[in-house]
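Since the structure comes first, as structure tokens, the remarks are kept for the end.
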Amino acid sequence: MTRVQTLLDIAKSAGLDAVALIPGAHLQYLTGLDFHLSERPLVIFFTLTQEPVAIAPALEADRLAGCGFPIQIFPWSDTEGYQGAFAAALDALQLDGKQLGIEELRMRVLEANTIQTYAPGAQIVSAGKTLAALRMHKDDAAIASMRQAIQISQDALEALIPQIKPGMTEREVAGLLVVEQLKRGGGKHPFEPIVLSGPRSALPHGEPGDRQIALGEPLLFDFGT
């Protein structure tokens with residue numbers, strides 16, 4: 001609950017009454033759960049006056065119940081649709097006249113419009129920069145996780161390099177890199193690994209392709225876990 005309280009302290013100091021988050025880094029940080037952002041909306045509301053409220057597909061309800069802190073869940077099924085869950089949850093939240101902070105670079109039109117429909121009296125405000133403070137200062141657990149991820153990536157690269165031979169494609173090498181990370185306990189990638197060769201190594205955000213690696217040319221790796 002410490003991380004949730006930190007979020008609420010940040011919200012209060014910024015004049016926010018509540019915060020709405022959809023699947024992403026902040027929600028994973030708070031719940032310990034990595035939810036996939038899909039066509040099925042999932043929103044968790046953190047307020048200053050009551051326990052968190054979640055609107056979630058029924059298939060995610062059991063996972064949410066184990067998030068480690070008290071949470072009121074309004075589940076919905078594909079058969080009934082999500083509108084009823086939004087209506088019930090937002091009625092319980094009573095956000096009329098309240099400031100609701102969102103991550104403006106992440107919140108989708110789907111969720112924002114539905115919230116506005118069932119809580120027309122709420123003022124939705126951009127709070128991305130404010131909420132960034134949540135993960136700005138790392139606790140001991142976060143630091144340990146980062147160090148573990150770095151070590152996995154370093155060990156994977158060292159194991160990969162001897163396997164690279166002229167004639168292999170960038171795509172092949174990128175695939176091997178993923179395997180080496182997974183073998184060492186690596187998890188979800190923050191982005192797809194970049195492996196580029198020769199003149200393509202000058203591309204900062206290029207994608208691995210079918211170009212064959214030649215002897216003596218540079219290789220660019222950009223990856224993590």
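Labels used: A, B, ... for chains in the order of the structure tokens, numbers from 1 for residues in each chain, and numbers from 1 for ligands as shown.
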Item to complete: Show which residues sit within 7 Å of Ile22 (chain A), as a VMD selection string. Count only C-alpha atoms, and ignore same-chain residues fewer than 5 positions away.
Response: chain A and resid 27 42 to 44 107
Discussion item. Give me, as a ChimeraX atom specification, all polymer residues having an atom no more than 12 Å from Lys165 (chain A), counting only C-alpha atoms and skipping those fewer than 6 positions away in the same chain.
Written reply: /A:172-173,212-217,219
Please produce a file of those selected residues containing N, CA, C and O atoms, as a PDB file, in the first residue's frame.
```pdb
ATOM      1  N   GLU A 172      17.996 -12.838 -37.417  1.00  0.00           N
ATOM      2  CA  GLU A 172      18.427 -14.053 -36.719  1.00  0.00           C
ATOM      3  C   GLU A 172      19.128 -13.717 -35.409  1.00  0.00           C
ATOM      4  O   GLU A 172      18.876 -14.339 -34.373  1.00  0.00           O
ATOM      5  N   VAL A 173      20.011 -12.745 -35.470  1.00  0.00           N
ATOM      6  CA  VAL A 173      20.772 -12.363 -34.274  1.00  0.00           C
ATOM      7  C   VAL A 173      19.835 -11.785 -33.213  1.00  0.00           C
ATOM      8  O   VAL A 173      19.965 -12.093 -32.019  1.00  0.00           O
ATOM      9  N   GLN A 212      22.338  -9.535 -44.460  1.00  0.00           N
ATOM     10  CA  GLN A 212      23.325 -10.461 -43.924  1.00  0.00           C
ATOM     11  C   GLN A 212      24.531  -9.701 -43.392  1.00  0.00           C
ATOM     12  O   GLN A 212      25.006  -8.750 -44.004  1.00  0.00           O
ATOM     13  N   ILE A 213      25.010 -10.148 -42.248  1.00  0.00           N
ATOM     14  CA  ILE A 213      26.139  -9.501 -41.597  1.00  0.00           C
ATOM     15  C   ILE A 213      27.433  -9.931 -42.282  1.00  0.00           C
ATOM     16  O   ILE A 213      27.657 -11.121 -42.530  1.00  0.00           O
ATOM     17  N   ALA A 214      28.278  -8.949 -42.589  1.00  0.00           N
ATOM     18  CA  ALA A 214      29.555  -9.225 -43.258  1.00  0.00           C
ATOM     19  C   ALA A 214      30.698  -9.135 -42.255  1.00  0.00           C
ATOM     20  O   ALA A 214      30.611  -8.459 -41.229  1.00  0.00           O
ATOM     21  N   LEU A 215      31.789  -9.811 -42.589  1.00  0.00           N
ATOM     22  CA  LEU A 215      32.964  -9.834 -41.720  1.00  0.00           C
ATOM     23  C   LEU A 215      33.546  -8.427 -41.574  1.00  0.00           C
ATOM     24  O   LEU A 215      33.695  -7.692 -42.551  1.00  0.00           O
ATOM     25  N   GLY A 216      33.866  -8.043 -40.341  1.00  0.00           N
ATOM     26  CA  GLY A 216      34.581  -6.803 -40.096  1.00  0.00           C
ATOM     27  C   GLY A 216      33.737  -5.548 -40.041  1.00  0.00           C
ATOM     28  O   GLY A 216      34.286  -4.449 -39.914  1.00  0.00           O
ATOM     29  N   GLU A 217      32.408  -5.667 -40.131  1.00  0.00           N
ATOM     30  CA  GLU A 217      31.589  -4.458 -40.083  1.00  0.00           C
ATOM     31  C   GLU A 217      30.954  -4.288 -38.704  1.00  0.00           C
ATOM     32  O   GLU A 217      30.826  -5.252 -37.946  1.00  0.00           O
ATOM     33  N   LEU A 219      28.322  -3.697 -35.607  1.00  0.00           N
ATOM     34  CA  LEU A 219      26.984  -4.132 -35.217  1.00  0.00           C
ATOM     35  C   LEU A 219      26.461  -3.195 -34.131  1.00  0.00           C
ATOM     36  O   LEU A 219      27.205  -2.828 -33.221  1.00  0.00           O
TER      37      LEU A 219
END
```
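Nearest residue to Glu80 (chain A), choosing from A:Leu176, A:His205, A:Pro57, A:Lys98 and counting only C-alpha atoms: A:Pro57.
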Discussion item. Give me, as a ChimeraX atom specification, all polymer residues having an atom no more than 12 Å from Thr2 (chain A), counting only C-alpha atoms and skipping those fewer than 2 positions away in the same chain.
Written reply: /A:4-9,29-31,68-69,134,139
Write out the residues from the selection above, keeping N, CA, C and O atoms, as a PDB file, in the first residue's frame.
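What landed in result23.pdb:
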```pdb
ATOM      1  N   VAL A   4       0.827   3.043  -3.335  1.00  0.00           N
ATOM      2  CA  VAL A   4      -0.467   3.697  -3.560  1.00  0.00           C
ATOM      3  C   VAL A   4      -0.552   4.975  -2.745  1.00  0.00           C
ATOM      4  O   VAL A   4      -1.021   6.011  -3.232  1.00  0.00           O
ATOM      5  N   GLN A   5      -0.074   4.929  -1.504  1.00  0.00           N
ATOM      6  CA  GLN A   5      -0.109   6.129  -0.665  1.00  0.00           C
ATOM      7  C   GLN A   5       0.776   7.226  -1.255  1.00  0.00           C
ATOM      8  O   GLN A   5       0.433   8.416  -1.198  1.00  0.00           O
ATOM      9  N   THR A   6       1.916   6.832  -1.822  1.00  0.00           N
ATOM     10  CA  THR A   6       2.780   7.812  -2.479  1.00  0.00           C
ATOM     11  C   THR A   6       2.044   8.488  -3.632  1.00  0.00           C
ATOM     12  O   THR A   6       2.107   9.709  -3.803  1.00  0.00           O
ATOM     13  N   LEU A   7       1.314   7.683  -4.409  1.00  0.00           N
ATOM     14  CA  LEU A   7       0.515   8.244  -5.502  1.00  0.00           C
ATOM     15  C   LEU A   7      -0.516   9.224  -4.966  1.00  0.00           C
ATOM     16  O   LEU A   7      -0.699  10.323  -5.523  1.00  0.00           O
ATOM     17  N   LEU A   8      -1.206   8.853  -3.900  1.00  0.00           N
ATOM     18  CA  LEU A   8      -2.240   9.721  -3.344  1.00  0.00           C
ATOM     19  C   LEU A   8      -1.640  11.010  -2.780  1.00  0.00           C
ATOM     20  O   LEU A   8      -2.242  12.087  -2.903  1.00  0.00           O
ATOM     21  N   ASP A   9      -0.467  10.915  -2.187  1.00  0.00           N
ATOM     22  CA  ASP A   9       0.208  12.119  -1.683  1.00  0.00           C
ATOM     23  C   ASP A   9       0.565  13.064  -2.828  1.00  0.00           C
ATOM     24  O   ASP A   9       0.415  14.288  -2.719  1.00  0.00           O
ATOM     25  N   TYR A  29       3.574  -0.760 -11.716  1.00  0.00           N
ATOM     26  CA  TYR A  29       4.347  -0.377 -10.538  1.00  0.00           C
ATOM     27  C   TYR A  29       3.489  -0.431  -9.279  1.00  0.00           C
ATOM     28  O   TYR A  29       3.933  -0.878  -8.220  1.00  0.00           O
ATOM     29  N   LEU A  30       2.237  -0.008  -9.400  1.00  0.00           N
ATOM     30  CA  LEU A  30       1.348   0.056  -8.236  1.00  0.00           C
ATOM     31  C   LEU A  30       0.763  -1.304  -7.857  1.00  0.00           C
ATOM     32  O   LEU A  30       0.612  -1.612  -6.682  1.00  0.00           O
ATOM     33  N   THR A  31       0.413  -2.105  -8.858  1.00  0.00           N
ATOM     34  CA  THR A  31      -0.283  -3.367  -8.590  1.00  0.00           C
ATOM     35  C   THR A  31       0.624  -4.589  -8.628  1.00  0.00           C
ATOM     36  O   THR A  31       0.249  -5.649  -8.114  1.00  0.00           O
ATOM     37  N   GLY A  68      -2.716  -6.943  -3.849  1.00  0.00           N
ATOM     38  CA  GLY A  68      -1.966  -6.608  -2.642  1.00  0.00           C
ATOM     39  C   GLY A  68      -2.543  -5.483  -1.816  1.00  0.00           C
ATOM     40  O   GLY A  68      -2.001  -5.160  -0.751  1.00  0.00           O
ATOM     41  N   PHE A  69      -3.630  -4.858  -2.268  1.00  0.00           N
ATOM     42  CA  PHE A  69      -4.279  -3.825  -1.466  1.00  0.00           C
ATOM     43  C   PHE A  69      -5.783  -3.895  -1.720  1.00  0.00           C
ATOM     44  O   PHE A  69      -6.218  -4.434  -2.745  1.00  0.00           O
ATOM     45  N   LEU A 134       5.930   9.645  -9.356  1.00  0.00           N
ATOM     46  CA  LEU A 134       5.653   8.378  -8.670  1.00  0.00           C
ATOM     47  C   LEU A 134       6.838   7.433  -8.735  1.00  0.00           C
ATOM     48  O   LEU A 134       7.183   6.780  -7.748  1.00  0.00           O
ATOM     49  N   ASP A 139      12.662   2.880  -4.891  1.00  0.00           N
ATOM     50  CA  ASP A 139      12.857   2.222  -3.605  1.00  0.00           C
ATOM     51  C   ASP A 139      13.841   1.063  -3.781  1.00  0.00           C
ATOM     52  O   ASP A 139      14.301   0.772  -4.890  1.00  0.00           O
TER      53      ASP A 139
END
```
Cut-off 6 Å: closest region 24-98 of chain A/region 113-126 of chain A atom pairs per residue, using only C-alpha atoms, as a tab-separated table:
```
residue	atom	partner	partner_atom	distance
A:Ala87	CA	A:Tyr118	CA	5.5
A:Leu95	CA	A:Ala122	CA	5.3
A:Asp96	CA	A:Gly121	CA	4.1
A:Gly97	CA	A:Ala122	CA	5.3
A:Lys98	CA	A:Ala122	CA	5.2
```
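Using only C-alpha atoms, the shortest contact distance between Ser201 (chain A) and any of A:Lys12, A:Gln99, A:Ala156, A:Pro218 is found at A:Pro218.
Counting only C-alpha atoms, the residue from A:Arg135, A:Thr225, A:Ser38, A:Ser13 that sits nearest to Leu182 (chain A) is A:Thr225.
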Fill in: Residue neighbourhood Ala58 (chain A), 7 Å, only C-alpha atoms, exclusion window fewer than 3 positions, as a list in words
Ala61, Pro75, Trp76 and Ser77 of chain A
Discussion item. Run DSSP on the backbone and tell me which residues of region 37-107 of chain A come out as helix (DSSP H, G or I); list them as a VMD selection string.
Written reply: chain A and resid 58 to 65 83 to 93
Let's have the selection written as a PDB file, in the first residue's frame, with N, CA, C and O atoms.
```pdb
ATOM      1  N   ALA A  58     -14.135  -9.266 -16.860  1.00  0.00           N
ATOM      2  CA  ALA A  58     -14.318 -10.313 -15.861  1.00  0.00           C
ATOM      3  C   ALA A  58     -13.148 -11.290 -15.839  1.00  0.00           C
ATOM      4  O   ALA A  58     -12.787 -11.810 -14.777  1.00  0.00           O
ATOM      5  N   LEU A  59     -12.544 -11.521 -16.982  1.00  0.00           N
ATOM      6  CA  LEU A  59     -11.430 -12.469 -17.052  1.00  0.00           C
ATOM      7  C   LEU A  59     -10.185 -11.977 -16.313  1.00  0.00           C
ATOM      8  O   LEU A  59      -9.242 -12.733 -16.108  1.00  0.00           O
ATOM      9  N   GLU A  60     -10.155 -10.680 -15.931  1.00  0.00           N
ATOM     10  CA  GLU A  60      -9.015 -10.130 -15.187  1.00  0.00           C
ATOM     11  C   GLU A  60      -9.347  -9.925 -13.710  1.00  0.00           C
ATOM     12  O   GLU A  60      -8.485  -9.506 -12.929  1.00  0.00           O
ATOM     13  N   ALA A  61     -10.584 -10.185 -13.311  1.00  0.00           N
ATOM     14  CA  ALA A  61     -11.018  -9.866 -11.952  1.00  0.00           C
ATOM     15  C   ALA A  61     -10.218 -10.626 -10.895  1.00  0.00           C
ATOM     16  O   ALA A  61      -9.842 -10.058  -9.859  1.00  0.00           O
ATOM     17  N   ASP A  62      -9.958 -11.908 -11.115  1.00  0.00           N
ATOM     18  CA  ASP A  62      -9.223 -12.689 -10.122  1.00  0.00           C
ATOM     19  C   ASP A  62      -7.804 -12.162  -9.950  1.00  0.00           C
ATOM     20  O   ASP A  62      -7.286 -12.118  -8.820  1.00  0.00           O
ATOM     21  N   ARG A  63      -7.173 -11.785 -11.038  1.00  0.00           N
ATOM     22  CA  ARG A  63      -5.820 -11.226 -10.932  1.00  0.00           C
ATOM     23  C   ARG A  63      -5.840  -9.930 -10.130  1.00  0.00           C
ATOM     24  O   ARG A  63      -4.985  -9.701  -9.269  1.00  0.00           O
ATOM     25  N   LEU A  64      -6.811  -9.084 -10.410  1.00  0.00           N
ATOM     26  CA  LEU A  64      -6.899  -7.801  -9.706  1.00  0.00           C
ATOM     27  C   LEU A  64      -7.120  -8.001  -8.214  1.00  0.00           C
ATOM     28  O   LEU A  64      -6.598  -7.247  -7.391  1.00  0.00           O
ATOM     29  N   ALA A  65      -7.894  -9.012  -7.865  1.00  0.00           N
ATOM     30  CA  ALA A  65      -8.188  -9.264  -6.452  1.00  0.00           C
ATOM     31  C   ALA A  65      -6.922  -9.581  -5.663  1.00  0.00           C
ATOM     32  O   ALA A  65      -6.890  -9.417  -4.441  1.00  0.00           O
ATOM     33  N   GLN A  83     -20.176  -0.698 -20.587  1.00  0.00           N
ATOM     34  CA  GLN A  83     -20.856   0.539 -20.219  1.00  0.00           C
ATOM     35  C   GLN A  83     -21.486   0.476 -18.833  1.00  0.00           C
ATOM     36  O   GLN A  83     -21.401   1.435 -18.047  1.00  0.00           O
ATOM     37  N   GLY A  84     -22.129  -0.658 -18.508  1.00  0.00           N
ATOM     38  CA  GLY A  84     -22.764  -0.789 -17.201  1.00  0.00           C
ATOM     39  C   GLY A  84     -21.769  -0.724 -16.056  1.00  0.00           C
ATOM     40  O   GLY A  84     -22.055  -0.130 -15.003  1.00  0.00           O
ATOM     41  N   ALA A  85     -20.598  -1.325 -16.257  1.00  0.00           N
ATOM     42  CA  ALA A  85     -19.564  -1.295 -15.221  1.00  0.00           C
ATOM     43  C   ALA A  85     -19.055   0.126 -15.017  1.00  0.00           C
ATOM     44  O   ALA A  85     -18.832   0.561 -13.878  1.00  0.00           O
ATOM     45  N   PHE A  86     -18.877   0.862 -16.110  1.00  0.00           N
ATOM     46  CA  PHE A  86     -18.446   2.254 -15.989  1.00  0.00           C
ATOM     47  C   PHE A  86     -19.497   3.070 -15.244  1.00  0.00           C
ATOM     48  O   PHE A  86     -19.172   3.875 -14.356  1.00  0.00           O
ATOM     49  N   ALA A  87     -20.752   2.876 -15.598  1.00  0.00           N
ATOM     50  CA  ALA A  87     -21.828   3.635 -14.966  1.00  0.00           C
ATOM     51  C   ALA A  87     -21.873   3.363 -13.458  1.00  0.00           C
ATOM     52  O   ALA A  87     -21.974   4.299 -12.649  1.00  0.00           O
ATOM     53  N   ALA A  88     -21.792   2.090 -13.068  1.00  0.00           N
ATOM     54  CA  ALA A  88     -21.870   1.734 -11.655  1.00  0.00           C
ATOM     55  C   ALA A  88     -20.653   2.234 -10.875  1.00  0.00           C
ATOM     56  O   ALA A  88     -20.774   2.773  -9.770  1.00  0.00           O
ATOM     57  N   ALA A  89     -19.470   2.061 -11.463  1.00  0.00           N
ATOM     58  CA  ALA A  89     -18.246   2.475 -10.778  1.00  0.00           C
ATOM     59  C   ALA A  89     -18.193   3.984 -10.591  1.00  0.00           C
ATOM     60  O   ALA A  89     -17.861   4.487  -9.512  1.00  0.00           O
ATOM     61  N   LEU A  90     -18.530   4.710 -11.623  1.00  0.00           N
ATOM     62  CA  LEU A  90     -18.443   6.165 -11.542  1.00  0.00           C
ATOM     63  C   LEU A  90     -19.541   6.737 -10.662  1.00  0.00           C
ATOM     64  O   LEU A  90     -19.366   7.796 -10.037  1.00  0.00           O
ATOM     65  N   ASP A  91     -20.667   6.034 -10.571  1.00  0.00           N
ATOM     66  CA  ASP A  91     -21.692   6.450  -9.615  1.00  0.00           C
ATOM     67  C   ASP A  91     -21.170   6.278  -8.191  1.00  0.00           C
ATOM     68  O   ASP A  91     -21.401   7.128  -7.328  1.00  0.00           O
ATOM     69  N   ALA A  92     -20.449   5.194  -7.948  1.00  0.00           N
ATOM     70  CA  ALA A  92     -19.883   4.954  -6.620  1.00  0.00           C
ATOM     71  C   ALA A  92     -18.777   5.951  -6.284  1.00  0.00           C
ATOM     72  O   ALA A  92     -18.598   6.340  -5.125  1.00  0.00           O
ATOM     73  N   LEU A  93     -18.047   6.397  -7.281  1.00  0.00           N
ATOM     74  CA  LEU A  93     -16.925   7.304  -7.057  1.00  0.00           C
ATOM     75  C   LEU A  93     -17.362   8.740  -6.780  1.00  0.00           C
ATOM     76  O   LEU A  93     -16.650   9.492  -6.111  1.00  0.00           O
TER      77      LEU A  93
END
```
Worksheet item: Which polymer residues have any atom within 12 Å of an atom of Ile194 (chain A), counting only C-alpha atoms, with same-chain residues fewer than 2 positions away left out, as a PyMOL selection string?
Response: chain A and resi 170-178+189-192+196-197+200-209+219-224
Worksheet entry | Å distance separating CA of Gly101 (chain A) from CA of Ala11 (chain A), one decimal place | 7.9 Å
Practice prompt. Enter the distance from CA of Pro162 (chain A) to CA of Lys188 (chain A), in Å, rounded to one decimal.
Written response: 24.3 Å
Worksheet item: What does the distance from CA of Leu100 (chain A) to CA of Ala127 (chain A) come to in Å, to one decimal?
Response: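 Atom-to-atom, CA of Leu100 (chain A) and CA of Ala127 (chain A) are spaced 8.8 Å apart.
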Practice prompt. Go through A:Gln28, A:Glu39, A:Leu21, A:Leu33 and flag the residue nearest Val53 (chain A), using only C-alpha atoms for the distances.
Written response: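 Going through A:Gln28, A:Glu39, A:Leu21, A:Leu33 one by one, the smallest distance to Val53 (chain A) is for A:Leu21.
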Practice prompt. Just the strand (DSSP E) stuff from chain A, please, per backbone DSSP, written as a PyMOL selection string.
Written response: chain A and resi 18-21+43-47+53-57+72-76+99-102+123-126+194-197+219-222
